[in-house]
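Enquirer: Attaching a single structure in C-alpha cells format; questions to follow.
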Amino acid sequence: MSNPRARPDLDGLGKKLVENGPVKTLPTSRRVRILFNGEYVVDTTSALYVWEHEYYPYYYVPRESFLRGVIRTPPNHDLYQVAELQVGQKTTDRILAFGNDLGAQSKDLEGMVRFEFGAADAWFEEDTPIFVHPKDPFRRVDVLHSSRPLEVRVAGVSVAQTSSAYHLYETGLPCRYYVPATAVDRSVLADSETTTACPYKGVANYYHVEVENPAKERTKVKDLVWYYKTPTLECANIAGFLCFYQEKEGVDIILDGKSLPRPKTPWS
C-alpha cells in the first residue's frame with residue numbers, strides 16, 4: 001500500500017498521470033481550504049478527488065483558486081510542471097501543476113494543481129480539519145460492539161480473552177477486533193516507538209509482543225499490537241482498546257470458538 005507520508009518524485013508522478021491518467025477522479029462541491037504559513041492559499045468548492053493509485057484519493061485544486069502570486073513558477077505550455085509556492089519567508093517546491101492541453105486519459109487534470117498534503121500547515125473540508133489524506137468517499141468505517149467470546153493467541157500462547165470487544169469494519173479490509181486493554185496479558189507487551197496515522201481513525205501507537213510457550217521457546221513480534229489514545233469522533237469507542245495484526249504468521253483469532261482464517265493484506 002502506498003505510504004501517505006512518503007514524498008513521491010513529482011516529475012515522475014506528473015509524467016505517469018499525463019501518459020496513463022489517474023485510476024479515477026471525482027469532483028466534489030465541498031469547500032476545501034489549504035493553510036500555509038498562516039494564509040489560506042487555497043479556498044475552493046471545485047476540488048477534485050484524484051486516485052493516483054488504487055488505495056486512497058488525493059485532492060487536486062484549480063490553479064485559479066490559489067491566492068494571486070503565491071505560485072512562484074509561471075505557467076508554461078508544458079503538460080505539467082513542478083512548481084514553487086511562497087508565502088512570506090516560507091516556501092515549498094512540493095507543487096505539481098498541470099497544463100490545459102492534456103490527452104483524453106488525463107483530461108480531468110487540466111488546470112489542476114497537486115499541493116502535497118504534508119507540505120501544508122493544515123487542510124480543511126468546510127470548517128473541519130482533515131489529516132493524512134482525504135477520506136475516500138467510497139469507503140466507510142463501522143464500529144460495532146460485540147459480546148461474542150474472542151481469544152487471541154500468539155505462537156499458540158493465549159494473550160487475550162474477552163466477551164466485550166469492538167469489531168471494526170472498514171471497506172476493503174478484514175474486520176479488526178479491538179479488545180479492552182484489561183483483557184490482554186500485559187506481561188507480553190513492550191512499548192514501541194512506532195506511530196502511524198489514519199484519516200478514519202487517528203494516530204496509532206504500537207506494542208511489541210513477546211511470548212514464551214510451555215517448551216520455554218520465546219517468540220517476539222515487533223509492532224504486533226496497535227491502539228488509539230484519541231481516535232477520531234466516528235471511531236471514538238475504540239479509544240484505548242488493543243488490536244492485533246491477525247494476518248501475521250503465528251497470530252490466531254478465535255471467535256465463537258472457531259479460529260478465523262488468516263487474511264491477506266498489504267501488511268501480511
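By convention here, the chains of the C-alpha cells are called A, B, ... in the order presented, each chain's residues are numbered starting at 1, and ligands are numbered starting at 1 in the order presented.
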Pick out the residues sitting within 10 Å of Gly69 in chain A, and hand them over as a PyMOL selection string; count only C-alpha atoms, and ignore anything fewer than 4 positions along from it in its own chain.
Expert: chain A and resi 41+73-74+85-87
Enquirer: Excluding Val132 in chain A and its own-chain neighbours fewer than 4 positions away, which residues fall within 12 Å of it when counting only C-alpha atoms? Please give them as a PyMOL selection string.
Expert: chain A and resi 3-6+56-59+116-124+136+196-203
Enquirer: Enumerate, as a PDB file with all heavy atoms, in the first residue's frame, the complete set of residues in range 118-252 of chain A that a backbone-based DSSP assignment places in helix (DSSP H, G or I).
Expert:
```
ATOM      1  N   GLY A 118       1.393  16.904   3.176  1.00  0.00           N
ATOM      2  CA  GLY A 118       2.248  17.169   4.317  1.00  0.00           C
ATOM      3  C   GLY A 118       3.013  18.470   4.223  1.00  0.00           C
ATOM      4  O   GLY A 118       3.613  18.914   5.215  1.00  0.00           O
ATOM      5  N   ALA A 119       3.026  19.129   3.060  1.00  0.00           N
ATOM      6  CA  ALA A 119       3.741  20.393   2.906  1.00  0.00           C
ATOM      7  C   ALA A 119       2.922  21.575   3.408  1.00  0.00           C
ATOM      8  O   ALA A 119       3.455  22.659   3.632  1.00  0.00           O
ATOM      9  CB  ALA A 119       4.112  20.618   1.442  1.00  0.00           C
ATOM     10  N   ALA A 181      -8.017  -3.168  27.034  1.00  0.00           N
ATOM     11  CA  ALA A 181      -6.635  -3.296  27.486  1.00  0.00           C
ATOM     12  C   ALA A 181      -6.524  -4.240  28.673  1.00  0.00           C
ATOM     13  O   ALA A 181      -5.528  -4.951  28.831  1.00  0.00           O
ATOM     14  CB  ALA A 181      -6.073  -1.917  27.847  1.00  0.00           C
ATOM     15  N   THR A 182      -7.573  -4.285  29.497  1.00  0.00           N
ATOM     16  CA  THR A 182      -7.556  -5.148  30.680  1.00  0.00           C
ATOM     17  C   THR A 182      -7.748  -6.616  30.344  1.00  0.00           C
ATOM     18  O   THR A 182      -7.557  -7.485  31.201  1.00  0.00           O
ATOM     19  CB  THR A 182      -8.654  -4.709  31.662  1.00  0.00           C
ATOM     20  OG1 THR A 182      -9.907  -4.643  30.971  1.00  0.00           O
ATOM     21  CG2 THR A 182      -8.332  -3.347  32.269  1.00  0.00           C
ATOM     22  N   ALA A 183      -8.125  -6.908  29.094  1.00  0.00           N
ATOM     23  CA  ALA A 183      -8.311  -8.301  28.675  1.00  0.00           C
ATOM     24  C   ALA A 183      -7.032  -8.916  28.137  1.00  0.00           C
ATOM     25  O   ALA A 183      -6.991 -10.103  27.806  1.00  0.00           O
ATOM     26  CB  ALA A 183      -9.408  -8.387  27.615  1.00  0.00           C
ATOM     27  N   ARG A 186      -0.646  -8.183  30.112  1.00  0.00           N
ATOM     28  CA  ARG A 186       0.264  -7.049  29.969  1.00  0.00           C
ATOM     29  C   ARG A 186       1.737  -7.471  30.009  1.00  0.00           C
ATOM     30  O   ARG A 186       2.610  -6.738  29.535  1.00  0.00           O
ATOM     31  CB  ARG A 186       0.011  -6.019  31.080  1.00  0.00           C
ATOM     32  CG  ARG A 186      -1.425  -5.570  31.207  1.00  0.00           C
ATOM     33  CD  ARG A 186      -1.907  -4.813  30.014  1.00  0.00           C
ATOM     34  NE  ARG A 186      -1.223  -3.550  29.804  1.00  0.00           N
ATOM     35  CZ  ARG A 186      -1.611  -2.624  28.928  1.00  0.00           C
ATOM     36  NH1 ARG A 186      -2.661  -2.862  28.145  1.00  0.00           N
ATOM     37  NH2 ARG A 186      -0.953  -1.498  28.810  1.00  0.00           N
ATOM     38  N   SER A 187       2.009  -8.645  30.552  1.00  0.00           N
ATOM     39  CA  SER A 187       3.407  -9.073  30.657  1.00  0.00           C
ATOM     40  C   SER A 187       4.026  -9.382  29.304  1.00  0.00           C
ATOM     41  O   SER A 187       5.256  -9.463  29.183  1.00  0.00           O
ATOM     42  CB  SER A 187       3.522 -10.306  31.559  1.00  0.00           C
ATOM     43  OG  SER A 187       2.940 -11.450  30.940  1.00  0.00           O
ATOM     44  N   VAL A 188       3.211  -9.546  28.263  1.00  0.00           N
ATOM     45  CA  VAL A 188       3.754  -9.881  26.950  1.00  0.00           C
ATOM     46  C   VAL A 188       3.975  -8.632  26.086  1.00  0.00           C
ATOM     47  O   VAL A 188       4.502  -8.722  24.982  1.00  0.00           O
ATOM     48  CB  VAL A 188       2.835 -10.871  26.192  1.00  0.00           C
ATOM     49  CG1 VAL A 188       2.571 -12.106  27.033  1.00  0.00           C
ATOM     50  CG2 VAL A 188       1.531 -10.210  25.754  1.00  0.00           C
ATOM     51  N   LEU A 233     -13.705  11.084  15.961  1.00  0.00           N
ATOM     52  CA  LEU A 233     -15.041  11.020  16.558  1.00  0.00           C
ATOM     53  C   LEU A 233     -15.806   9.775  16.124  1.00  0.00           C
ATOM     54  O   LEU A 233     -16.447   9.109  16.943  1.00  0.00           O
ATOM     55  CB  LEU A 233     -15.830  12.282  16.195  1.00  0.00           C
ATOM     56  CG  LEU A 233     -17.230  12.408  16.802  1.00  0.00           C
ATOM     57  CD1 LEU A 233     -17.154  12.428  18.320  1.00  0.00           C
ATOM     58  CD2 LEU A 233     -17.921  13.658  16.273  1.00  0.00           C
ATOM     59  N   GLU A 234     -15.735   9.435  14.828  1.00  0.00           N
ATOM     60  CA  GLU A 234     -16.526   8.298  14.343  1.00  0.00           C
ATOM     61  C   GLU A 234     -16.017   6.959  14.870  1.00  0.00           C
ATOM     62  O   GLU A 234     -16.731   5.957  14.810  1.00  0.00           O
ATOM     63  CB  GLU A 234     -16.586   8.277  12.808  1.00  0.00           C
ATOM     64  CG  GLU A 234     -15.242   8.208  12.106  1.00  0.00           C
ATOM     65  CD  GLU A 234     -14.733   9.553  11.658  1.00  0.00           C
ATOM     66  OE1 GLU A 234     -14.740  10.500  12.466  1.00  0.00           O
ATOM     67  OE2 GLU A 234     -14.322   9.657  10.492  1.00  0.00           O
ATOM     68  N   CYS A 235     -14.792   6.936  15.389  1.00  0.00           N
ATOM     69  CA  CYS A 235     -14.232   5.704  15.952  1.00  0.00           C
ATOM     70  C   CYS A 235     -13.911   5.868  17.436  1.00  0.00           C
ATOM     71  O   CYS A 235     -13.073   5.148  17.990  1.00  0.00           O
ATOM     72  CB  CYS A 235     -12.973   5.302  15.188  1.00  0.00           C
ATOM     73  SG  CYS A 235     -13.258   4.821  13.482  1.00  0.00           S
ATOM     74  N   ALA A 236     -14.597   6.789  18.098  1.00  0.00           N
ATOM     75  CA  ALA A 236     -14.279   7.126  19.488  1.00  0.00           C
ATOM     76  C   ALA A 236     -14.362   5.927  20.422  1.00  0.00           C
ATOM     77  O   ALA A 236     -13.630   5.847  21.420  1.00  0.00           O
ATOM     78  CB  ALA A 236     -15.209   8.236  19.980  1.00  0.00           C
ATOM     79  N   ASN A 237     -15.225   4.954  20.119  1.00  0.00           N
ATOM     80  CA  ASN A 237     -15.421   3.822  21.035  1.00  0.00           C
ATOM     81  C   ASN A 237     -14.183   2.937  21.173  1.00  0.00           C
ATOM     82  O   ASN A 237     -14.064   2.194  22.154  1.00  0.00           O
ATOM     83  CB  ASN A 237     -16.603   2.967  20.578  1.00  0.00           C
ATOM     84  CG  ASN A 237     -17.940   3.621  20.891  1.00  0.00           C
ATOM     85  OD1 ASN A 237     -18.030   4.470  21.767  1.00  0.00           O
ATOM     86  ND2 ASN A 237     -18.985   3.228  20.176  1.00  0.00           N
ATOM     87  N   ILE A 238     -13.253   2.986  20.223  1.00  0.00           N
ATOM     88  CA  ILE A 238     -12.082   2.100  20.311  1.00  0.00           C
ATOM     89  C   ILE A 238     -10.936   2.738  21.097  1.00  0.00           C
ATOM     90  O   ILE A 238      -9.856   2.143  21.187  1.00  0.00           O
ATOM     91  CB  ILE A 238     -11.585   1.669  18.917  1.00  0.00           C
ATOM     92  CG1 ILE A 238     -11.075   2.874  18.117  1.00  0.00           C
ATOM     93  CG2 ILE A 238     -12.660   0.905  18.162  1.00  0.00           C
ATOM     94  CD1 ILE A 238     -10.376   2.494  16.824  1.00  0.00           C
TER      95      ILE A 238
END
```
Enquirer: From the set A:Phe98, A:Tyr227, A:Phe138, A:Trp267, which residue has the shortest atom-to-atom contact distance to Pro174 in chain A, counting only C-alpha atoms?
Expert: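 Looking only at the distances to Pro174 in chain A, the closest residue turns out to be A:Trp267.
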Enquirer: Please provide the set of residues having any atom within 9 Å of Tyr40 in chain A, restricted to only C-alpha atoms, with same-chain residues fewer than 4 positions apart removed, written as a VMD selection string.
Expert: chain A and resid 33 to 36 66 to 67
Enquirer: Quote the spacing between CA of Gly21 in chain A and CA of Thr171 in chain A in Å to one decimal place.
Expert: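 A separation of 24.5 Å between them.
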Enquirer: Please provide the set of residues having any atom within 12 Å of Lys222 in chain A, restricted to only C-alpha atoms, with same-chain residues fewer than 6 positions apart removed, written as a PyMOL selection string.
Expert: chain A and resi 188-194+206-211+244-245+248
Enquirer: Separation of CA of Val50 in chain A and CA of Thr232 in chain A, in Å?
Expert: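 Between CA of Val50 in chain A and CA of Thr232 in chain A the gap is 23.7 Å.
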Enquirer: Can you tell me, as an MDAnalysis selection string, what residues are no more than 6 Å from Trp226 in chain A when counting only C-alpha atoms, ignoring any on the same chain fewer than 5 positions away?
Expert: chainID A and resid 205:206 242:243
Enquirer: Which residue out of A:Arg72, A:His77, A:His167, A:His53 has the minimum interatomic distance to Val23 in chain A when only C-alpha atoms are used?
Expert: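 Under the stated criterion, the closest residue is A:His53.
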Enquirer: So, counting only C-alpha atoms, which residue among A:Ile254, A:Ile71, A:Leu17, A:Val152 is closest to Ser106 in chain A?
Expert: A:Leu17
Enquirer: Near Ala160 in chain A, counting only C-alpha atoms, which residues have an atom at most 8 Å away, once you skip same-chain residues fewer than 6 positions from it, shown as a list of chain:residue names?
Expert: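 Neighbouring residues, sequence-local ones excluded: A:Glu151, A:Val152, A:Arg153, A:Val179, A:Ala183, A:Val184, A:Asp185.
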